Amino acid sequence: MDIIKFDKISFSYGRRKGDLPIIKNFELSIAEKEITLIYGKSGLGKTTILNIIAGLLKPQQGQVIVDEQNIYDLSARELDKYRSKKIGFIFQMFYLIPQFTAVDNVVIGMKNIRGSYQEKRKIAMELLDRLEIGDKGETYPELLSGGQQQRVAIARALANDSKIILADEPTGNLDKDTASEVSGILEQLRNEGKTIVIVSHDEHMKEISDRIVMLDKEYMSRTGVM
């Protein structure tokens, strides 16, 4: 069953005549509980596609259907609720708050979780334990390795129990062995029922993906699914 559908999406940064489109007449269906890899070199609009799914960028043309809802029919408040409830983000640069410990970087992502700070902290520690860095809960980001920081970022993405995980070059700043560990975590999350959309030019991401969407440089649109 498809959970995300792009219906003839076109997007350009700017609305003047002659603006170069980032994506043009882009069509894509993403199945629930699968890993979909959007693969291509830098500059082809991969991150733009993630931002459109997240409701952060509105296309000039077309519809984006998520869970049978055209998300761009939603109000700004509804879009914010959609993001906090359904979407978890994993970034290449981690984006951890340096003044916060690892556990508090996870807690701050719990917009949809009701309860006291101590209750949220307990959930956050359980997520860190699950990702095998529970002993780093009180550690600040600058004292963590790149792989440990990415695990904290993954825990934060899972903090609201979002059903869709968007991963933007999740292994881009990691060495080969650590990247393999992160890939294994993403594969495990897929096996637990998460829908994961990865954008990357990392060849190793192909090994864990159920679908691979290749981006074509000339037309900046999907040219095939492997």
# chains A, B, ... in the order shown; residues from 1 in each chain; ligands from 1

$ residues_around --residues "region 151-167 of chain A" --least-positions-apart "3" --cutoff "9 Å" --atoms "only C-alpha atoms" --output "JSON, numbers by chain"
{"A": [32, 33, 50, 53, 54, 83, 84, 85, 86, 87, 88, 89, 90, 91, 92, 94, 95, 96, 102, 103, 105, 106, 107, 108, 109, 110, 111, 112, 113, 123, 124, 127, 128, 130, 131, 132, 133, 137, 141, 146, 147, 148, 170, 182, 185, 186, 193, 194, 195, 196, 197, 198, 199, 200]}

$ select_by_dssp --residues "region 55-206 of chain A" --states "helix (DSSP H, G or I)" --output "number ranges by chain"
A: 71-73, 76-86, 102-107, 117-130, 134-136, 141-143, 146-158, 176-191, 203-206

$ closest_residue --among "A:Met205, A:Val213, A:Ala179, A:Leu79" --to "Ser29 (chain A)" --atoms "only C-alpha atoms"
A:Val213

$ select_by_dssp --residues "region 168-203 of chain A" --states "strand (DSSP E)" --output "PyMOL selection string"
chain A and resi 168+195-200

$ closest_residue --among "A:Gly172, A:Gly40, A:Pro98, A:Gly115" --to "Glu142 (chain A)" --atoms "only C-alpha atoms"
A:Pro98

$ residues_around --residues "Phe11 (chain A)" --least-positions-apart "4" --cutoff "6 Å" --atoms "only C-alpha atoms" --output "PyMOL selection string"
chain A and resi 21-23+59-60

$ write_last_selection --atoms "all heavy atoms" --output "PDB file, in the first residue's frame"
ATOM      1  N   PRO A  21      13.539  24.907 -13.091  1.00  0.00           N
ATOM      2  CA  PRO A  21      12.849  24.029 -12.144  1.00  0.00           C
ATOM      3  C   PRO A  21      13.826  23.085 -11.459  1.00  0.00           C
ATOM      4  O   PRO A  21      14.767  22.588 -12.068  1.00  0.00           O
ATOM      5  CB  PRO A  21      11.870  23.256 -13.039  1.00  0.00           C
ATOM      6  CG  PRO A  21      12.498  23.258 -14.391  1.00  0.00           C
ATOM      7  CD  PRO A  21      13.222  24.579 -14.497  1.00  0.00           C
ATOM      8  N   ILE A  22      13.599  22.865 -10.174  1.00  0.00           N
ATOM      9  CA  ILE A  22      14.378  21.871  -9.451  1.00  0.00           C
ATOM     10  C   ILE A  22      13.854  20.475  -9.770  1.00  0.00           C
ATOM     11  O   ILE A  22      14.616  19.554 -10.037  1.00  0.00           O
ATOM     12  CB  ILE A  22      14.318  22.132  -7.936  1.00  0.00           C
ATOM     13  CG1 ILE A  22      14.833  23.540  -7.627  1.00  0.00           C
ATOM     14  CG2 ILE A  22      15.128  21.095  -7.171  1.00  0.00           C
ATOM     15  CD1 ILE A  22      16.255  23.789  -8.065  1.00  0.00           C
ATOM     16  N   ILE A  23      12.529  20.312  -9.738  1.00  0.00           N
ATOM     17  CA  ILE A  23      11.902  19.080 -10.204  1.00  0.00           C
ATOM     18  C   ILE A  23      10.745  19.463 -11.124  1.00  0.00           C
ATOM     19  O   ILE A  23      10.116  20.504 -10.947  1.00  0.00           O
ATOM     20  CB  ILE A  23      11.416  18.191  -9.049  1.00  0.00           C
ATOM     21  CG1 ILE A  23      10.504  18.969  -8.094  1.00  0.00           C
ATOM     22  CG2 ILE A  23      12.590  17.616  -8.283  1.00  0.00           C
ATOM     23  CD1 ILE A  23       9.942  18.096  -6.979  1.00  0.00           C
ATOM     24  N   PRO A  59       4.967  22.966  -3.605  1.00  0.00           N
ATOM     25  CA  PRO A  59       5.218  22.954  -5.052  1.00  0.00           C
ATOM     26  C   PRO A  59       4.306  23.927  -5.787  1.00  0.00           C
ATOM     27  O   PRO A  59       3.203  24.223  -5.336  1.00  0.00           O
ATOM     28  CB  PRO A  59       4.926  21.504  -5.447  1.00  0.00           C
ATOM     29  CG  PRO A  59       4.004  21.000  -4.392  1.00  0.00           C
ATOM     30  CD  PRO A  59       4.375  21.710  -3.127  1.00  0.00           C
ATOM     31  N   GLN A  60       4.805  24.420  -6.917  1.00  0.00           N
ATOM     32  CA  GLN A  60       3.978  25.319  -7.731  1.00  0.00           C
ATOM     33  C   GLN A  60       2.855  24.569  -8.449  1.00  0.00           C
ATOM     34  O   GLN A  60       1.810  25.131  -8.736  1.00  0.00           O
ATOM     35  CB  GLN A  60       4.850  26.055  -8.757  1.00  0.00           C
ATOM     36  CG  GLN A  60       5.631  27.238  -8.192  1.00  0.00           C
ATOM     37  CD  GLN A  60       6.961  26.810  -7.601  1.00  0.00           C
ATOM     38  OE1 GLN A  60       7.491  25.767  -7.955  1.00  0.00           O
ATOM     39  NE2 GLN A  60       7.503  27.610  -6.699  1.00  0.00           N
TER      40      GLN A  60
END

$ closest_residue --among "A:Glu169, A:Asp2, A:Glu181, A:Asp202" --to "Asp67 (chain A)" --atoms "only C-alpha atoms"
A:Asp2

$ closest_residue --among "A:Leu143, A:Leu174, A:Ile3, A:Val64" --to "Ile52 (chain A)" --atoms "only C-alpha atoms"
A:Val64

$ closest_residue --among "A:Thr101, A:Asn25, A:Ile212, A:Ile35" --to "Leu144 (chain A)" --atoms "only C-alpha atoms"
A:Thr101

$ atom_distance --atom1 "CA of Met93 (chain A)" --atom2 "CA of Gln188 (chain A)"
21.9 Å

$ residues_around --residues "Gln61 (chain A)" --least-positions-apart "4" --cutoff "8 Å" --atoms "only C-alpha atoms" --output "number ranges by chain"
A: 8-11

$ write_last_selection --atoms "N, CA and C atoms" --output "PDB file, in the first residue's frame"
ATOM      1  N   LYS A   8       2.536  14.627 -10.353  1.00  0.00           N
ATOM      2  CA  LYS A   8       2.968  15.656 -11.309  1.00  0.00           C
ATOM      3  C   LYS A   8       3.425  16.934 -10.596  1.00  0.00           C
ATOM      4  N   ILE A   9       4.380  16.746  -9.685  1.00  0.00           N
ATOM      5  CA  ILE A   9       4.900  17.863  -8.904  1.00  0.00           C
ATOM      6  C   ILE A   9       5.954  18.632  -9.693  1.00  0.00           C
ATOM      7  N   SER A  10       5.825  19.944  -9.683  1.00  0.00           N
ATOM      8  CA  SER A  10       6.862  20.820 -10.225  1.00  0.00           C
ATOM      9  C   SER A  10       7.208  21.850  -9.164  1.00  0.00           C
ATOM     10  N   PHE A  11       8.509  22.100  -9.025  1.00  0.00           N
ATOM     11  CA  PHE A  11       8.957  23.069  -8.032  1.00  0.00           C
ATOM     12  C   PHE A  11      10.186  23.795  -8.536  1.00  0.00           C
TER      13      PHE A  11
END

$ closest_residue --among "A:Gly43, A:Phe100, A:Ser12, A:Phe26" --to "Leu57 (chain A)" --atoms "only C-alpha atoms"
A:Ser12

$ atom_distance --atom1 "CA of Ala31 (chain A)" --atom2 "CA of Phe6 (chain A)"
12.0 Å
